[in-house]
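Engineer: File follows, structure_39.cif with mmCIF, C-alpha atoms and all ligand atoms:
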data_protein
loop_
_atom_site.label_atom_id
_atom_site.label_comp_id
_atom_site.auth_asym_id
_atom_site.auth_seq_id
_atom_site.Cartn_x
_atom_site.Cartn_y
_atom_site.Cartn_z
CA ASP M 1 11.95 23.37 -1.24
CA LEU M 2 12.64 20.20 0.71
CA LYS M 3 16.34 19.67 -0.14
CA GLY M 4 18.20 17.99 2.70
CA LYS M 5 15.01 16.60 4.25
CA THR M 6 14.36 12.88 4.41
CA ALA M 7 10.81 11.61 3.91
CA VAL M 8 9.80 8.12 4.99
CA VAL M 9 6.59 7.06 3.26
CA THR M 10 5.04 3.79 4.42
CA GLY M 11 3.33 1.61 1.82
CA SER M 12 4.79 3.64 -1.02
CA THR M 13 5.34 1.20 -3.89
CA SER M 14 1.92 1.94 -5.36
CA GLY M 15 -1.06 4.24 -5.29
CA ILE M 16 -1.24 7.26 -2.99
CA GLY M 17 2.02 6.49 -1.14
CA LEU M 18 3.94 6.47 -4.41
CA GLY M 19 2.15 9.66 -5.51
CA ILE M 20 3.21 11.40 -2.28
CA ALA M 21 6.78 10.05 -2.57
CA ARG M 22 7.01 11.39 -6.14
CA ALA M 23 5.66 14.82 -5.14
CA LEU M 24 8.09 15.14 -2.20
CA ALA M 25 11.00 13.95 -4.39
CA SER M 26 10.09 16.58 -7.01
CA GLU M 27 10.60 19.19 -4.23
CA GLY M 28 14.08 17.78 -3.55
CA ALA M 29 13.42 15.55 -0.53
CA ASP M 30 15.35 12.30 -0.16
CA ILE M 31 12.93 9.40 -0.01
CA VAL M 32 12.58 6.11 1.81
CA LEU M 33 10.14 3.86 -0.02
CA ASN M 34 8.54 0.99 1.88
CA SER M 35 6.37 -2.06 1.42
CA PHE M 36 6.51 -5.59 2.78
CA THR M 37 7.54 -7.35 -0.45
CA ASP M 38 11.18 -6.43 -1.30
CA SER M 39 10.78 -7.52 -4.92
CA GLU M 40 12.98 -6.65 -7.89
CA GLU M 41 10.30 -4.15 -8.95
CA ASP M 42 10.51 -2.42 -5.53
CA GLN M 43 14.28 -1.96 -5.91
CA ALA M 44 13.90 -0.83 -9.53
CA LEU M 45 11.26 1.71 -8.50
CA ALA M 46 13.71 3.27 -6.02
CA LYS M 47 16.40 3.50 -8.72
CA ASP M 48 14.01 5.02 -11.27
CA LEU M 49 12.73 7.64 -8.80
CA ALA M 50 16.28 8.62 -7.82
CA ALA M 51 17.22 9.06 -11.49
CA GLU M 52 14.04 10.99 -12.34
CA PHE M 53 14.29 13.53 -9.51
CA GLY M 54 18.03 13.58 -8.69
CA VAL M 55 17.49 12.73 -5.02
CA SER M 56 18.52 9.78 -2.87
CA VAL M 57 15.85 7.07 -2.82
CA ARG M 58 16.16 3.92 -0.73
CA TYR M 59 13.73 1.03 -0.49
CA ILE M 60 13.39 -0.52 2.98
CA ARG M 61 11.23 -3.60 3.51
CA ALA M 62 9.10 -3.60 6.66
CA ASP M 63 5.73 -5.15 7.42
CA MET M 64 3.51 -2.39 8.86
CA SER M 65 1.34 -5.01 10.59
CA LYS M 66 4.23 -5.62 13.01
CA GLY M 67 5.13 -2.96 15.58
CA ASP M 68 8.81 -3.88 15.84
CA GLU M 69 9.22 -3.70 12.04
CA CYS M 70 7.55 -0.26 11.98
CA ARG M 71 10.09 0.99 14.52
CA ALA M 72 12.96 -0.73 12.69
CA LEU M 73 11.97 1.04 9.44
CA ILE M 74 12.51 4.44 11.06
CA ALA M 75 15.74 3.33 12.76
CA GLN M 76 17.09 2.00 9.46
CA ALA M 77 16.10 5.19 7.65
CA GLY M 78 18.49 6.97 10.03
CA ALA M 79 16.70 10.29 9.51
CA CYS M 80 13.01 11.10 9.31
CA ASP M 81 12.10 14.76 8.86
CA ILE M 82 8.83 13.95 7.10
CA LEU M 83 6.90 10.87 8.19
CA VAL M 84 4.03 9.82 5.95
CA ASN M 85 1.89 7.09 7.48
CA ASN M 86 0.17 5.83 4.37
CA ALA M 87 0.18 2.00 4.36
CA GLY M 88 -3.36 0.74 4.48
CA ILE M 89 -5.62 -2.12 3.49
CA GLN M 90 -9.37 -2.56 3.20
CA HIS M 91 -11.86 -5.35 3.69
CA VAL M 92 -15.57 -5.10 3.05
CA ALA M 93 -18.00 -7.29 5.04
CA ALA M 94 -20.95 -6.98 7.41
CA ILE M 95 -20.00 -6.85 11.11
CA GLU M 96 -21.28 -10.32 11.96
CA ALA M 97 -19.45 -11.83 8.98
CA PHE M 98 -16.27 -9.76 9.37
CA PRO M 99 -13.26 -12.11 9.61
CA VAL M 100 -11.45 -11.54 12.93
CA GLU M 101 -8.02 -11.76 11.29
CA LYS M 102 -9.02 -9.03 8.80
CA TRP M 103 -10.17 -6.79 11.66
CA ASP M 104 -6.86 -7.30 13.46
CA ALA M 105 -4.79 -6.70 10.29
CA ILE M 106 -6.64 -3.49 9.41
CA ILE M 107 -6.28 -2.07 12.94
CA ALA M 108 -2.57 -3.02 12.94
CA ILE M 109 -1.67 -1.67 9.46
CA ASN M 110 -4.03 1.33 9.20
CA LEU M 111 -3.78 2.54 12.81
CA SER M 112 -1.19 0.96 15.14
CA SER M 113 1.65 1.27 12.60
CA ALA M 114 1.37 5.08 12.88
CA PHE M 115 1.79 4.86 16.66
CA HIS M 116 4.99 2.84 16.26
CA THR M 117 6.55 4.94 13.46
CA THR M 118 5.61 8.22 15.17
CA ALA M 119 7.11 7.07 18.46
CA ALA M 120 10.33 6.21 16.63
CA ALA M 121 10.42 9.35 14.46
CA LEU M 122 9.61 12.13 16.97
CA PRO M 123 13.02 11.98 18.72
CA MET M 124 14.70 12.36 15.30
CA MET M 125 12.50 15.34 14.40
CA ARG M 126 13.28 16.94 17.77
CA ARG M 127 17.02 16.49 17.22
CA ALA M 128 16.71 17.95 13.71
CA GLY M 129 14.61 20.87 14.98
CA TRP M 130 11.89 20.41 12.36
CA GLY M 131 9.35 17.76 11.49
CA ARG M 132 6.17 16.92 9.66
CA VAL M 133 3.84 14.00 10.38
CA LEU M 134 1.33 13.35 7.59
CA ASN M 135 -1.21 10.65 8.29
CA VAL M 136 -3.18 9.43 5.30
CA ALA M 137 -6.63 8.97 6.80
CA SER M 138 -9.74 9.01 4.59
CA ALA M 139 -13.18 10.50 4.19
CA HIS M 140 -13.91 7.39 6.26
CA GLY M 141 -11.94 9.04 9.08
CA LEU M 142 -14.77 11.59 9.28
CA THR M 143 -17.86 9.70 8.07
CA ALA M 144 -18.95 6.06 7.88
CA SER M 145 -20.21 3.53 5.34
CA PRO M 146 -21.78 0.14 5.97
CA PHE M 147 -19.60 -3.00 5.66
CA LYS M 148 -16.36 -1.12 6.46
CA GLY M 149 -16.31 -1.49 10.25
CA ALA M 150 -12.58 -2.07 10.71
CA TYR M 151 -11.52 0.54 8.15
CA VAL M 152 -13.83 3.26 9.51
CA ALA M 153 -12.73 2.48 13.09
CA ALA M 154 -9.03 2.61 12.15
CA LYS M 155 -9.40 5.83 10.12
CA HIS M 156 -11.37 7.61 12.86
CA GLY M 157 -8.66 6.35 15.22
CA ILE M 158 -5.84 7.83 13.16
CA VAL M 159 -7.59 11.21 13.00
CA GLY M 160 -7.70 11.17 16.82
CA PHE M 161 -4.08 10.07 17.07
CA THR M 162 -3.09 12.91 14.70
CA LYS M 163 -4.63 15.42 17.12
CA VAL M 164 -2.71 13.93 20.07
CA THR M 165 0.55 14.02 18.07
CA ALA M 166 -0.10 17.69 17.27
CA LEU M 167 -0.75 18.58 20.93
CA GLU M 168 2.35 16.78 22.17
CA THR M 169 4.50 18.71 19.64
CA ALA M 170 2.51 21.97 19.63
CA GLU M 171 5.30 24.18 21.02
CA GLU M 172 7.94 22.68 18.72
CA PRO M 173 8.58 23.24 14.99
CA ILE M 174 6.78 19.97 14.29
CA THR M 175 3.25 19.61 12.88
CA ALA M 176 0.94 16.63 12.52
CA ASN M 177 -2.03 16.54 10.18
CA ALA M 178 -4.26 14.03 8.47
CA ILE M 179 -5.06 14.05 4.76
CA CYS M 180 -8.56 12.70 4.12
CA PRO M 181 -8.96 11.58 0.51
CA GLY M 182 -12.26 10.59 -0.98
CA TYR M 183 -12.02 7.94 -3.68
CA VAL M 184 -8.73 7.84 -5.58
CA LEU M 185 -8.43 5.27 -8.38
CA THR M 186 -5.60 3.06 -7.01
CA PRO M 187 -5.11 -0.74 -6.80
CA LEU M 188 -6.84 -0.63 -3.37
CA VAL M 189 -9.95 0.92 -4.90
CA GLU M 190 -9.89 -1.43 -7.90
CA ALA M 191 -10.14 -4.29 -5.35
CA GLN M 192 -13.05 -2.53 -3.60
CA ILE M 193 -14.89 -2.11 -6.88
CA ALA M 194 -14.67 -5.89 -7.29
CA ASP M 195 -15.82 -6.46 -3.66
CA GLN M 196 -18.76 -4.06 -4.01
CA MET M 197 -19.79 -5.73 -7.29
CA LYS M 198 -20.09 -8.97 -5.30
CA VAL M 199 -21.78 -7.50 -2.19
CA HIS M 200 -24.39 -5.61 -4.22
CA GLY M 201 -24.60 -7.95 -7.23
CA MET M 202 -23.93 -5.02 -9.60
CA ASP M 203 -21.74 -4.51 -12.65
CA ARG M 204 -18.69 -2.21 -12.59
CA GLU M 205 -20.36 0.87 -14.10
CA THR M 206 -23.30 0.64 -11.68
CA VAL M 207 -20.98 0.25 -8.68
CA LEU M 208 -18.99 3.33 -9.78
CA ARG M 209 -22.10 5.44 -10.31
CA GLU M 210 -24.41 4.21 -7.56
CA VAL M 211 -22.01 3.10 -4.82
CA MET M 212 -18.57 4.69 -5.01
CA LEU M 213 -18.95 8.10 -6.66
CA LEU M 214 -22.44 8.50 -5.18
CA ARG M 215 -20.72 9.84 -2.04
CA GLN M 216 -18.36 12.06 -4.03
CA PRO M 217 -20.43 15.02 -5.27
CA SER M 218 -17.81 16.01 -7.88
CA ARG M 219 -18.46 12.57 -9.48
CA GLN M 220 -14.73 12.37 -10.14
CA PHE M 221 -11.96 10.39 -8.51
CA ALA M 222 -9.25 12.45 -6.79
CA THR M 223 -5.77 11.76 -8.23
CA VAL M 224 -2.57 10.63 -6.52
CA GLU M 225 -0.94 13.82 -7.87
CA GLN M 226 -3.53 15.94 -6.01
CA ILE M 227 -2.84 14.04 -2.77
CA GLY M 228 0.91 14.50 -3.39
CA GLY M 229 0.39 18.25 -3.85
CA THR M 230 -1.51 18.42 -0.57
CA ALA M 231 1.40 16.68 1.18
CA VAL M 232 3.88 19.18 -0.32
CA PHE M 233 1.69 22.08 0.90
CA LEU M 234 1.60 20.65 4.44
CA CYS M 235 5.44 20.54 4.36
CA SER M 236 5.72 24.18 3.24
CA PRO M 237 6.24 27.22 5.52
CA SER M 238 2.66 28.32 4.70
CA ALA M 239 1.50 25.35 6.78
CA ASP M 240 3.68 26.02 9.85
CA GLN M 241 0.58 26.87 11.94
CA ILE M 242 -1.59 24.11 10.50
CA THR M 243 -1.47 21.28 13.00
CA GLY M 244 -3.83 18.74 14.52
CA THR M 245 -6.36 19.03 11.75
CA THR M 246 -7.65 17.24 8.66
CA ILE M 247 -7.54 18.31 5.02
CA SER M 248 -10.19 16.67 2.87
CA VAL M 249 -9.47 16.00 -0.80
CA ASP M 250 -12.81 14.38 -1.50
CA GLY M 251 -14.78 16.26 -4.15
CA GLY M 252 -17.26 17.46 -1.52
CA TRP M 253 -17.96 14.09 0.17
CA THR M 254 -17.82 15.45 3.73
CA ALA M 255 -19.99 18.46 2.81
CA LEU M 256 -22.98 16.19 2.23
P1 LIG I 1 -2.61 0.67 -2.54
O1 LIG I 1 -3.13 -0.69 -2.28
O2 LIG I 1 -2.46 1.15 -3.93
O3 LIG I 1 -1.22 0.87 -1.82
C1 LIG I 1 -1.03 0.42 -0.52
C2 LIG I 1 0.41 0.36 -0.22
O4 LIG I 1 0.57 -0.17 1.10
C3 LIG I 1 1.22 -0.56 -1.14
O5 LIG I 1 2.48 0.02 -1.40
C4 LIG I 1 1.37 -1.83 -0.31
O6 LIG I 1 2.54 -2.53 -0.64
C5 LIG I 1 1.48 -1.23 1.07
N1 LIG I 1 1.16 -2.16 2.15
C6 LIG I 1 0.04 -2.90 2.33
N2 LIG I 1 0.16 -3.66 3.42
C7 LIG I 1 1.37 -3.38 3.95
C8 LIG I 1 2.08 -3.85 5.08
N3 LIG I 1 1.58 -4.79 5.88
N4 LIG I 1 3.32 -3.35 5.30
C9 LIG I 1 3.86 -2.42 4.48
N5 LIG I 1 3.24 -1.96 3.40
C10 LIG I 1 2.01 -2.43 3.14
O7 LIG I 1 -3.57 1.63 -1.68
P2 LIG I 1 -3.90 3.19 -1.81
O8 LIG I 1 -5.26 3.32 -2.36
O9 LIG I 1 -2.79 3.93 -2.41
O10 LIG I 1 -4.03 3.55 -0.26
C11 LIG I 1 -3.01 4.18 0.47
C12 LIG I 1 -3.62 4.79 1.72
O11 LIG I 1 -4.59 5.74 1.34
C13 LIG I 1 -4.31 3.79 2.63
O12 LIG I 1 -4.07 4.14 4.00
C14 LIG I 1 -5.76 4.00 2.30
O13 LIG I 1 -6.62 3.64 3.35
C15 LIG I 1 -5.79 5.49 2.03
N6 LIG I 1 -6.92 5.95 1.25
C16 LIG I 1 -7.12 5.52 -0.02
C17 LIG I 1 -8.20 5.99 -0.74
C18 LIG I 1 -8.46 5.58 -2.15
O14 LIG I 1 -9.53 5.90 -2.67
N7 LIG I 1 -7.55 4.89 -2.80
C19 LIG I 1 -9.09 6.89 -0.15
C20 LIG I 1 -8.87 7.30 1.15
C21 LIG I 1 -7.77 6.83 1.83
#
Using the file provided, produce a representation of the structure as structure tokens.

Structural biologist:
Amino acid sequence: DLKGKTAVVTGSTSGIGLGIARALASEGADIVLNSFTDSEEDQALAKDLAAEFGVSVRYIRADMSKGDECRALIAQAGACDILVNNAGIQHVAAIEAFPVEKWDAIIAINLSSAFHTTAAALPMMRRAGWGRVLNVASAHGLTASPFKGAYVAAKHGIVGFTKVTALETAEEPITANAICPGYVLTPLVEAQIADQMKVHGMDRETVLREVMLLRQPSRQFATVEQIGGTAVFLCSPSADQITGTTISVDGGWTAL
């Protein structure tokens, strides 16, 4: 179990990040939740999780688009045995129409934030003599789709950065891996369904069938619980020699 370990999960007030936080808490890990909002709901979520799993849960606000705030999140956490780089956003547009500020935001939040948090967390893991870095990449870290230039670039980037993190820690009891989900029905994907309906001029059902789950041979969304379970496995002793690699949870997407 993960009692006595502290897990910092970026972007964890909804979707996959929250699913991973819940799964790690259920194994006894203390949790640091993060987003950039610091709303009443964020604080209530931390309280509810602590009560449900009997672990310490703190919410720390930090904007993952800003390098200094990424580093401050880890410093404020005070301990970081398990670092989950999960915060991410999406924008769908053709390259020549892609808004520059969206490109910059996606590279900052989906890729550069992991550089900053990892740089801040590795010294803590070394002092503790154990560590796990889990980067939430995507099937789009291994394959591409049109209209997702920034996202695909950032996700391929984080897969590469995961390998470098693994090599720099290879002789230590620290591992670094990337989880590559296919489609998971979260608020981020709900927004994409709306975007794709616009781009293709299709209704919701047609977008699901002919655009989104077309790439996912199982024709089913993965669940946040399944991603959480994968994170727990990567933190278990069975995974001590798994480092610098990707685990796909994508219903067969990358087998196509
Ligand atoms: P989501 O929109 O449900 O959750 C994203 C989380 O990130 C939220 O908690 C949000 O508050 C936080 N966040 C956004 N911008 C932030 C910022 N600047 N600073 C701090 N926090 C910020 O999204 P999700 O679907 O759960 O996605 C989580 C991760 O999983 C992302 O990296 C995404 O690319 C990846 N992913 C998702 C899917 C999917 O199908 N949903 C598939 C593959 C990979």

Engineer: Using all atoms listed in the file, which protein or nucleic acid residues come within 12 Å of Ala51 in chain M? Drop anything in the same chain fewer than 5 positions from it, and give the result as an MDAnalysis selection string.

Structural biologist: chainID M and resid 22 25:26 30 44:46 56:58

Engineer: Which residues of range 8-79 of chain M come within 12 Å of range 114-129 of chain M, and what is each one's closest atom pair and distance in Å (one decimal), counting only C-alpha atoms, sorted by chain and residue number, as CSV?

Structural biologist:
residue,atom,partner,partner_atom,distance
M:Val8,CA,M:Ala121,CA,9.6
M:Val9,CA,M:Thr117,CA,10.4
M:Thr10,CA,M:Thr117,CA,9.2
M:Gly11,CA,M:Ala114,CA,11.8
M:Ala62,CA,M:Thr117,CA,11.2
M:Asp63,CA,M:Thr117,CA,11.8
M:Met64,CA,M:Ala114,CA,8.7
M:Ser65,CA,M:Ala114,CA,10.3
M:Lys66,CA,M:His116,CA,9.1
M:Gly67,CA,M:His116,CA,5.8
M:Asp68,CA,M:His116,CA,7.7
M:Glu69,CA,M:His116,CA,8.9
M:Cys70,CA,M:Thr117,CA,5.5
M:Arg71,CA,M:Thr117,CA,5.4
M:Ala72,CA,M:Ala120,CA,8.4
M:Leu73,CA,M:Thr117,CA,7.8
M:Ile74,CA,M:Ala120,CA,6.2
M:Ala75,CA,M:Ala120,CA,7.2
M:Gln76,CA,M:Ala120,CA,10.7
M:Ala77,CA,M:Ala121,CA,9.8
M:Gly78,CA,M:Met124,CA,8.4
M:Ala79,CA,M:Met124,CA,6.5

Engineer: Give me a file of those residues, with C-alpha atoms, as a PDB file, keeping the file's coordinate frame.

Structural biologist:
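After the write, again-v9.pdb holds the following:
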ATOM      1  CA  VAL M   8       9.800   8.120   4.990  1.00  0.00           C
ATOM      2  CA  VAL M   9       6.590   7.060   3.260  1.00  0.00           C
ATOM      3  CA  THR M  10       5.040   3.790   4.420  1.00  0.00           C
ATOM      4  CA  GLY M  11       3.330   1.610   1.820  1.00  0.00           C
ATOM      5  CA  ALA M  62       9.100  -3.600   6.660  1.00  0.00           C
ATOM      6  CA  ASP M  63       5.730  -5.150   7.420  1.00  0.00           C
ATOM      7  CA  MET M  64       3.510  -2.390   8.860  1.00  0.00           C
ATOM      8  CA  SER M  65       1.340  -5.010  10.590  1.00  0.00           C
ATOM      9  CA  LYS M  66       4.230  -5.620  13.010  1.00  0.00           C
ATOM     10  CA  GLY M  67       5.130  -2.960  15.580  1.00  0.00           C
ATOM     11  CA  ASP M  68       8.810  -3.880  15.840  1.00  0.00           C
ATOM     12  CA  GLU M  69       9.220  -3.700  12.040  1.00  0.00           C
ATOM     13  CA  CYS M  70       7.550  -0.260  11.980  1.00  0.00           C
ATOM     14  CA  ARG M  71      10.090   0.990  14.520  1.00  0.00           C
ATOM     15  CA  ALA M  72      12.960  -0.730  12.690  1.00  0.00           C
ATOM     16  CA  LEU M  73      11.970   1.040   9.440  1.00  0.00           C
ATOM     17  CA  ILE M  74      12.510   4.440  11.060  1.00  0.00           C
ATOM     18  CA  ALA M  75      15.740   3.330  12.760  1.00  0.00           C
ATOM     19  CA  GLN M  76      17.090   2.000   9.460  1.00  0.00           C
ATOM     20  CA  ALA M  77      16.100   5.190   7.650  1.00  0.00           C
ATOM     21  CA  GLY M  78      18.490   6.970  10.030  1.00  0.00           C
ATOM     22  CA  ALA M  79      16.700  10.290   9.510  1.00  0.00           C
TER      23      ALA M  79
END

Engineer: Kindly compute an axis-aligned box around the listed atoms of ligand LIG 1 (chain I), allowing 6 Å on each side, and express its centre and edge lengths in Å to one decimal as lines of an AutoDock Vina configuration file.

Structural biologist:
center_x = -2.8
center_y = 1.3
center_z = 1.0
size_x = 25.4
size_y = 24.1
size_z = 21.8

Engineer: Is it possible to get the residues within 7 Å of (11.0, 23.9, 17.3) (coordinates as in the file, counting all atoms listed in the file) written as a list of chain:residue names?

Structural biologist: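 The answer, in the requested form, is M:Gly129, M:Trp130, M:Glu171, M:Glu172, M:Pro173, M:Ile174.
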
Engineer: Here is a test: counting only C-alpha atoms, which residue of M:Ile107, M:Val232, M:Ala144, M:Met212 is nearest to Ile158 in chain M?

Structural biologist: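 The closest residue to Ile158 in chain M is M:Ile107.
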
Engineer: Could you please determine the separation between CA of Met202 in chain M and CA of Leu256 in chain M in Å, to one decimal place?

Structural biologist: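 Atom-to-atom, CA of Met202 in chain M and CA of Leu256 in chain M are spaced 24.3 Å apart.
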
Engineer: Could you list, as a PyMOL selection string, all residues that come within 7 Å of ligand LIG 1 (chain I)? Count all atoms listed in the file.

Structural biologist: chain M and resi 10-17+34-37+62-65+86-90+109-110+136-139+180-189

Engineer: Go ahead and find all residues with at least one atom no further than 8 Å from (-12.3, -3.7, 9.3) in the file's coordinates, using all atoms listed in the file; report them as a CSV table (one decimal) with C-alpha atoms, in the frame of the given file.

Structural biologist:
chain,number,residue,atom,x,y,z
M,90,GLN,CA,-9.4,-2.6,3.2
M,91,HIS,CA,-11.9,-5.4,3.7
M,92,VAL,CA,-15.6,-5.1,3.0
M,93,ALA,CA,-18.0,-7.3,5.0
M,98,PHE,CA,-16.3,-9.8,9.4
M,102,LYS,CA,-9.0,-9.0,8.8
M,103,TRP,CA,-10.2,-6.8,11.7
M,104,ASP,CA,-6.9,-7.3,13.5
M,106,ILE,CA,-6.6,-3.5,9.4
M,107,ILE,CA,-6.3,-2.1,12.9
M,148,LYS,CA,-16.4,-1.1,6.5
M,149,GLY,CA,-16.3,-1.5,10.2
M,150,ALA,CA,-12.6,-2.1,10.7
M,151,TYR,CA,-11.5,0.5,8.2
M,152,VAL,CA,-13.8,3.3,9.5
M,153,ALA,CA,-12.7,2.5,13.1
M,154,ALA,CA,-9.0,2.6,12.2

Engineer: To one decimal place, how far is CA of Asp250 in chain M from CA of Ser236 in chain M in Å?

Structural biologist: 21.5 Å

Engineer: Using CA of Asp195 in chain M and CA of His140 in chain M as the two end points, give the distance in Å to one decimal.

Structural biologist: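 Separation of CA of Asp195 in chain M and CA of His140 in chain M: 17.1 Å.
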
Engineer: With only C-alpha atoms as the atoms that count, which of M:Thr223, M:Ala170, M:Pro146, M:Asp1 lies nearest to Val211 in chain M?

Structural biologist: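 For Val211 in chain M, the nearest of the given residues is M:Pro146.
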
Engineer: Using only C-alpha atoms for the distances, tell me which of M:Leu213, M:Ser248, M:Glu205, M:Ser112 is nearest to Thr143 in chain M.

Structural biologist: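 Among M:Leu213, M:Ser248, M:Glu205, M:Ser112, it is M:Ser248 that comes nearest to Thr143 in chain M.
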
Engineer: Any chance you could turn range 153-164 of chain M into a file with N, CA and C atoms, as a CSV table (one decimal), in the first residue's frame?

Structural biologist:
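To be explicit, this is the file written out as part12.csv:
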chain,number,residue,atom,x,y,z
M,153,ALA,N,2.0,17.5,-30.5
M,153,ALA,CA,3.4,17.9,-30.3
M,153,ALA,C,3.8,17.9,-28.8
M,154,ALA,N,2.9,18.4,-28.0
M,154,ALA,CA,3.2,18.4,-26.5
M,154,ALA,C,3.2,16.9,-26.0
M,155,LYS,N,2.2,16.1,-26.4
M,155,LYS,CA,2.2,14.7,-25.9
M,155,LYS,C,3.3,13.9,-26.4
M,156,HIS,N,3.8,14.0,-27.6
M,156,HIS,CA,5.0,13.4,-28.1
M,156,HIS,C,6.2,13.9,-27.2
M,157,GLY,N,6.2,15.2,-27.0
M,157,GLY,CA,7.2,15.8,-26.2
M,157,GLY,C,7.3,15.2,-24.8
M,158,ILE,N,6.1,15.0,-24.1
M,158,ILE,CA,6.2,14.5,-22.8
M,158,ILE,C,6.6,13.0,-22.7
M,159,VAL,N,6.3,12.2,-23.8
M,159,VAL,CA,6.8,10.9,-23.9
M,159,VAL,C,8.3,10.9,-23.9
M,160,GLY,N,8.9,11.8,-24.7
M,160,GLY,CA,10.3,11.9,-24.8
M,160,GLY,C,10.9,12.3,-23.4
M,161,PHE,N,10.3,13.3,-22.8
M,161,PHE,CA,10.8,13.8,-21.5
M,161,PHE,C,10.7,12.7,-20.4
M,162,THR,N,9.7,11.8,-20.5
M,162,THR,CA,9.6,10.7,-19.6
M,162,THR,C,10.8,9.8,-19.7
M,163,LYS,N,11.2,9.5,-20.9
M,163,LYS,CA,12.4,8.6,-21.2
M,163,LYS,C,13.6,9.3,-20.6
M,164,VAL,N,13.8,10.6,-20.7
M,164,VAL,CA,15.0,11.2,-20.2
M,164,VAL,C,14.9,11.2,-18.7
